[in-house]
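Trainee: Take a look at run39.cif, mmCIF, C-alpha atoms and all ligand atoms:
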```cif
data_entry
#
loop_
_atom_site.label_atom_id
_atom_site.label_comp_id
_atom_site.auth_asym_id
_atom_site.auth_seq_id
_atom_site.Cartn_x
_atom_site.Cartn_y
_atom_site.Cartn_z
CA MET P 1 8.93 13.03 -22.95
CA GLU P 2 8.05 11.20 -19.77
CA THR P 3 7.10 7.53 -19.86
CA ILE P 4 3.87 6.70 -18.04
CA HIS P 5 3.66 3.16 -16.69
CA ILE P 6 0.28 1.48 -17.06
CA ALA P 7 -1.18 -1.90 -16.10
CA CYS P 8 -4.53 -3.57 -15.56
CA ASP P 9 -6.23 -6.86 -14.89
CA HIS P 10 -8.81 -8.45 -17.19
CA ALA P 11 -11.52 -6.04 -15.95
CA GLY P 12 -9.45 -3.01 -16.93
CA LEU P 13 -8.19 -4.06 -20.33
CA GLU P 14 -10.45 -1.92 -22.51
CA LEU P 15 -10.02 1.19 -20.38
CA LYS P 16 -6.26 0.68 -20.38
CA GLU P 17 -6.20 0.67 -24.18
CA THR P 18 -8.26 3.88 -24.28
CA LEU P 19 -6.01 5.62 -21.75
CA LYS P 20 -2.86 4.50 -23.55
CA ALA P 21 -4.11 5.99 -26.80
CA ALA P 22 -4.92 9.26 -25.02
CA LEU P 23 -1.48 9.34 -23.38
CA GLU P 24 0.28 8.72 -26.67
CA ALA P 25 -1.87 11.40 -28.35
CA ARG P 26 -0.50 13.82 -25.74
CA GLY P 27 3.08 12.82 -26.57
CA PHE P 28 3.77 10.59 -23.56
CA SER P 29 5.48 7.26 -24.04
CA THR P 30 3.77 4.36 -22.31
CA CYS P 31 5.23 1.26 -20.70
CA ASP P 32 2.56 -1.44 -20.56
CA HIS P 33 2.99 -4.02 -17.79
CA GLY P 34 -0.03 -6.10 -18.89
CA THR P 35 -2.36 -7.85 -18.76
CA ASN P 36 -3.06 -7.99 -22.43
CA SER P 37 -5.75 -10.64 -22.32
CA ARG P 38 -9.39 -10.82 -21.27
CA GLU P 39 -8.66 -14.06 -19.45
CA SER P 40 -9.20 -13.84 -15.71
CA CYS P 41 -5.94 -12.97 -13.93
CA ASP P 42 -4.63 -11.84 -10.54
CA TYR P 43 -4.35 -8.05 -10.21
CA PRO P 44 -1.51 -8.04 -7.59
CA GLN P 45 0.94 -9.45 -10.14
CA TYR P 46 0.40 -6.45 -12.40
CA ALA P 47 0.32 -3.94 -9.57
CA HIS P 48 3.68 -5.17 -8.24
CA ALA P 49 5.34 -5.16 -11.68
CA LEU P 50 4.25 -1.59 -12.34
CA CYS P 51 5.14 -0.34 -8.86
CA ALA P 52 8.65 -1.79 -9.02
CA ALA P 53 9.22 0.14 -12.26
CA VAL P 54 7.71 3.38 -10.90
CA GLU P 55 9.87 3.11 -7.77
CA ALA P 56 13.03 2.37 -9.79
CA GLU P 57 12.48 5.34 -12.12
CA ASN P 58 10.84 7.71 -9.67
CA GLY P 59 8.12 7.83 -12.31
CA ARG P 60 4.35 7.78 -12.49
CA GLY P 61 1.85 5.05 -13.24
CA ILE P 62 -1.78 4.13 -13.75
CA LEU P 63 -3.40 0.91 -12.49
CA ILE P 64 -6.85 -0.28 -13.50
CA CYS P 65 -8.97 -3.13 -12.15
CA GLY P 66 -12.71 -3.60 -11.74
CA THR P 67 -13.11 -1.32 -8.72
CA GLY P 68 -9.58 0.11 -8.47
CA ILE P 69 -9.52 -1.09 -4.86
CA GLY P 70 -7.42 -4.25 -5.24
CA MET P 71 -4.84 -2.41 -7.31
CA SER P 72 -4.60 0.40 -4.78
CA ILE P 73 -4.21 -1.99 -1.83
CA ALA P 74 -1.42 -3.90 -3.61
CA ALA P 75 0.33 -0.74 -4.82
CA ASN P 76 0.37 0.88 -1.39
CA ARG P 77 2.34 -2.08 0.03
CA HIS P 78 5.36 -0.56 -1.75
CA ALA P 79 7.22 1.92 0.42
CA GLY P 80 7.88 4.30 -2.47
CA ILE P 81 4.37 4.27 -3.88
CA ARG P 82 1.58 6.67 -3.06
CA ALA P 83 -1.36 5.20 -4.95
CA ALA P 84 -4.69 7.02 -5.05
CA LEU P 85 -7.99 5.51 -6.12
CA CYS P 86 -9.80 8.38 -7.80
CA THR P 87 -13.45 8.53 -8.83
CA THR P 88 -13.64 12.29 -9.36
CA GLU P 89 -11.46 15.01 -10.85
CA LEU P 90 -11.36 16.58 -7.36
CA HIS P 91 -9.72 13.44 -5.97
CA ALA P 92 -7.12 13.57 -8.75
CA ARG P 93 -6.39 17.25 -8.17
CA PHE P 94 -5.98 16.99 -4.41
CA THR P 95 -4.07 13.74 -4.38
CA ARG P 96 -1.47 15.43 -6.56
CA LEU P 97 -1.50 18.74 -4.66
CA HIS P 98 -1.42 17.24 -1.17
CA ASN P 99 -0.26 13.59 -1.40
CA ASP P 100 2.13 13.79 -4.37
CA ALA P 101 0.46 10.56 -5.54
CA ASN P 102 2.64 8.75 -8.05
CA VAL P 103 0.15 6.04 -9.05
CA LEU P 104 -3.42 6.68 -10.16
CA CYS P 105 -5.87 3.80 -9.62
CA LEU P 106 -9.11 3.60 -11.55
CA GLY P 107 -12.07 1.23 -11.40
CA ALA P 108 -13.23 0.30 -14.88
CA ARG P 109 -16.52 -1.07 -13.54
CA VAL P 110 -17.15 2.08 -11.54
CA THR P 111 -15.90 5.02 -13.57
CA GLY P 112 -17.02 5.70 -17.15
CA VAL P 113 -14.52 6.24 -19.92
CA GLU P 114 -14.96 10.00 -20.30
CA LEU P 115 -14.64 10.60 -16.57
CA ALA P 116 -11.62 8.29 -16.37
CA LEU P 117 -9.93 10.29 -19.13
CA ALA P 118 -10.70 13.57 -17.37
CA ILE P 119 -9.36 12.20 -14.07
CA MET P 120 -6.18 11.02 -15.78
CA HIS P 121 -5.55 14.42 -17.38
CA VAL P 122 -5.99 16.25 -14.06
CA PHE P 123 -3.68 13.73 -12.37
CA LEU P 124 -0.97 14.27 -14.98
CA ASP P 125 -1.31 18.06 -15.10
CA THR P 126 -1.38 18.93 -11.39
CA ALA P 127 1.87 19.63 -9.56
CA PHE P 128 2.58 18.78 -5.92
CA GLU P 129 2.22 21.77 -3.60
CA GLY P 130 5.08 20.79 -1.28
CA GLY P 131 5.52 22.71 1.98
CA ARG P 132 3.57 21.23 4.91
CA HIS P 133 2.41 18.39 2.67
CA GLN P 134 5.98 17.13 2.24
CA ARG P 135 6.34 16.90 6.03
CA ARG P 136 3.21 14.72 6.14
CA ILE P 137 4.36 12.53 3.27
CA ASP P 138 7.62 11.97 5.15
CA GLN P 139 5.52 10.35 7.91
CA LEU P 140 3.55 7.94 5.70
CA ASN P 141 5.78 4.91 6.09
CA PRO P 142 5.79 3.59 9.68
CA GLN P 143 9.11 4.15 11.43
CA PRO P 144 10.70 1.32 13.45
CA ALA P 145 10.18 1.72 17.22
CA ARG P 146 13.20 3.27 18.94
C1 LIG P 201 -11.91 -8.97 -10.74
O1 LIG P 201 -13.11 -9.62 -10.84
C2 LIG P 201 -11.96 -7.92 -9.65
O2 LIG P 201 -12.01 -8.53 -8.40
C3 LIG P 201 -10.78 -6.98 -9.76
O3 LIG P 201 -10.78 -6.40 -11.02
C4 LIG P 201 -10.73 -5.83 -8.78
O4 LIG P 201 -11.93 -5.12 -8.79
C5 LIG P 201 -10.26 -6.11 -7.43
O5 LIG P 201 -10.19 -5.25 -6.57
#
```
Please, can you express the file's structure as structure tokens?
Mentor:
Amino acid sequence: METIHIACDHAGLELKETLKAALEARGFSTCDHGTNSRESCDYPQYAHALCAAVEAENGRGILICGTGIGMSIAANRHAGIRAALCTTELHARFTRLHNDANVLCLGARVTGVELALAIMHVFLDTAFEGGRHQRRIDQLNPQPAR
């Protein structure tokens, strides 16, 4: 079964534990890149650790901070990462269908636990549509000037 990478900062710790339990209940393995403390920490460290692993494995991951914004900004600095901050199930559905997002970002201070779980399940269960969307994804990273 697929391993889902997961990481958070101090603001996302409780939600991360809840999501991990739900992932494991579904039969996924999880790879936890921290933090595992409530002590204030710097979200980019955790975003970069998770993204390096997702890029290396061509896998999928979940990042959680207070708003989800910092994690998504850091994650999208990686050329192989398409990170989507989702606050609705619709966002999760369309970012998989159209953007082939490989990292889900959630804001633990914004999105309640039940909605976060629902968003995660839609993210995991929706396949990329391909076709014209692949052509657009191929243009996401800026090309060097010729
Ligand atoms: C931490 O207080 C907070 O800034 C962080 O969790 C996140 O929301 C940053 O974008």
Trainee: Extract, using all atoms listed in the file, all DNA, RNA and protein residues at most 9 Å from range 18-30 of chain P, discarding same-chain residues fewer than 6 positions from it, and format them as a PDB file with C-alpha atoms, keeping the file's coordinate frame.
Mentor:
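Output file part32.pdb is given in full below:
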```
ATOM      1  CA  MET P   1       8.930  13.030 -22.950  1.00  0.00           C
ATOM      2  CA  GLU P   2       8.050  11.200 -19.770  1.00  0.00           C
ATOM      3  CA  THR P   3       7.100   7.530 -19.860  1.00  0.00           C
ATOM      4  CA  ILE P   4       3.870   6.700 -18.040  1.00  0.00           C
ATOM      5  CA  HIS P   5       3.660   3.160 -16.690  1.00  0.00           C
ATOM      6  CA  ILE P   6       0.280   1.480 -17.060  1.00  0.00           C
ATOM      7  CA  VAL P 113     -14.520   6.240 -19.920  1.00  0.00           C
ATOM      8  CA  ALA P 116     -11.620   8.290 -16.370  1.00  0.00           C
ATOM      9  CA  LEU P 117      -9.930  10.290 -19.130  1.00  0.00           C
ATOM     10  CA  MET P 120      -6.180  11.020 -15.780  1.00  0.00           C
ATOM     11  CA  HIS P 121      -5.550  14.420 -17.380  1.00  0.00           C
TER      12      HIS P 121
END
```
Trainee: Neighbours of Ala127 in chain P within 8 Å (only C-alpha atoms; same-chain residues fewer than 6 positions away dropped), as number ranges by chain?
Mentor: P: 96-97, 100
Trainee: Pick the closest to Ala56 in chain P from P:Ala79, P:Cys86, P:Ile119, P:Ile137: which is it, counting all atoms listed in the file?
Mentor: P:Ala79
Trainee: Record the distance separating CA of Ala53 in chain P and CA of Leu124 in chain P, expressed in Å with one decimal.
Mentor: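 Value for the CA of Ala53 in chain P-CA of Leu124 in chain P distance: 17.6 Å.
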Trainee: Report as a list in words which protein, DNA and RNA residues come within 9 Å of ligand LIG 201 (chain P), using all atoms listed in the file.
Mentor: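 My answer, listing the contacting residues, is Cys8, Asp9, His10, Ala11, Gly12, Ser40, Cys41, Asp42, Tyr43, Pro44, Ile64, Cys65, Gly66, Thr67, Gly68, Ile69, Gly70, Met71, Ser72, Ile73, Gly107, Ala108 and Arg109 of chain P.
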Trainee: Go through P:Leu50, P:Ala145, P:Ala101, P:Leu15 one by one, measure the shortest atom-to-atom distance of each to Glu129 in chain P using only C-alpha atoms, and give the residue with the smallest value.
Mentor: P:Ala101
Trainee: Which of these, P:Gly34, P:Gly130, P:Gly59, P:Gly80, has the shortest distance to Ala47 in chain P once you count only C-alpha atoms?
Mentor: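 Closest to Ala47 in chain P, using only C-alpha atoms: P:Gly34.
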Trainee: Between CA of Gly112 in chain P and CA of Glu14 in chain P, what is the distance in Å, rounded to a tenth?
Mentor: 11.4 Å
Trainee: Quick one: residues within 6 Å of Leu104 in chain P, only C-alpha atoms, excluding same-chain residues fewer than 5 positions away - as a list in words?
Mentor: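 That gives Ile62, Ala83 and Ala84 of chain P.
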Trainee: How about saving the chosen residues, C-alpha atoms kept, as a PDB file, in the frame of the given file?
Mentor:
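As written to disk, selection.pdb reads:
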```pdb
ATOM      1  CA  ILE P  62      -1.780   4.130 -13.750  1.00  0.00           C
ATOM      2  CA  ALA P  83      -1.360   5.200  -4.950  1.00  0.00           C
ATOM      3  CA  ALA P  84      -4.690   7.020  -5.050  1.00  0.00           C
TER       4      ALA P  84
END
```
Trainee: So the first atom is CA of Arg60 in chain P and the second is CA of Arg82 in chain P; what is the distance between them in Å, to one decimal place?
Mentor: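 Pair CA of Arg60 in chain P / CA of Arg82 in chain P returns 9.9 Å.
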Trainee: Quick one: of P:Glu89, P:Asn76, P:Leu106, P:His98, who's nearest to Lys16 in chain P, counting all atoms listed in the file?
Mentor: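 Selected residue with least distance to Lys16 in chain P: P:Leu106.
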Trainee: Which is closest to Asn36 in chain P among P:Leu13, P:Ala52, P:Leu90, P:Leu85, if we use all atoms listed in the file?
Mentor: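 Between P:Leu13, P:Ala52, P:Leu90, P:Leu85, the residue approaching Asn36 in chain P most closely is P:Leu13.
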Trainee: P:Asn99, P:Ile81, P:Arg38, P:Arg93: which is nearest Arg132 in chain P, counting only C-alpha atoms?
Mentor: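 Looking only at the distances to Arg132 in chain P, the closest residue turns out to be P:Asn99.
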Trainee: Could you put an axis-aligned box around every listed atom of range 111-114 of chain P, padded by 5 Å on each side, and send me its centre and edge lengths in Å to one decimal, as lines of an AutoDock Vina configuration file?
Mentor:
```
center_x = -15.8
center_y = 7.5
center_z = -16.9
size_x = 12.5
size_y = 15.0
size_z = 16.7
```
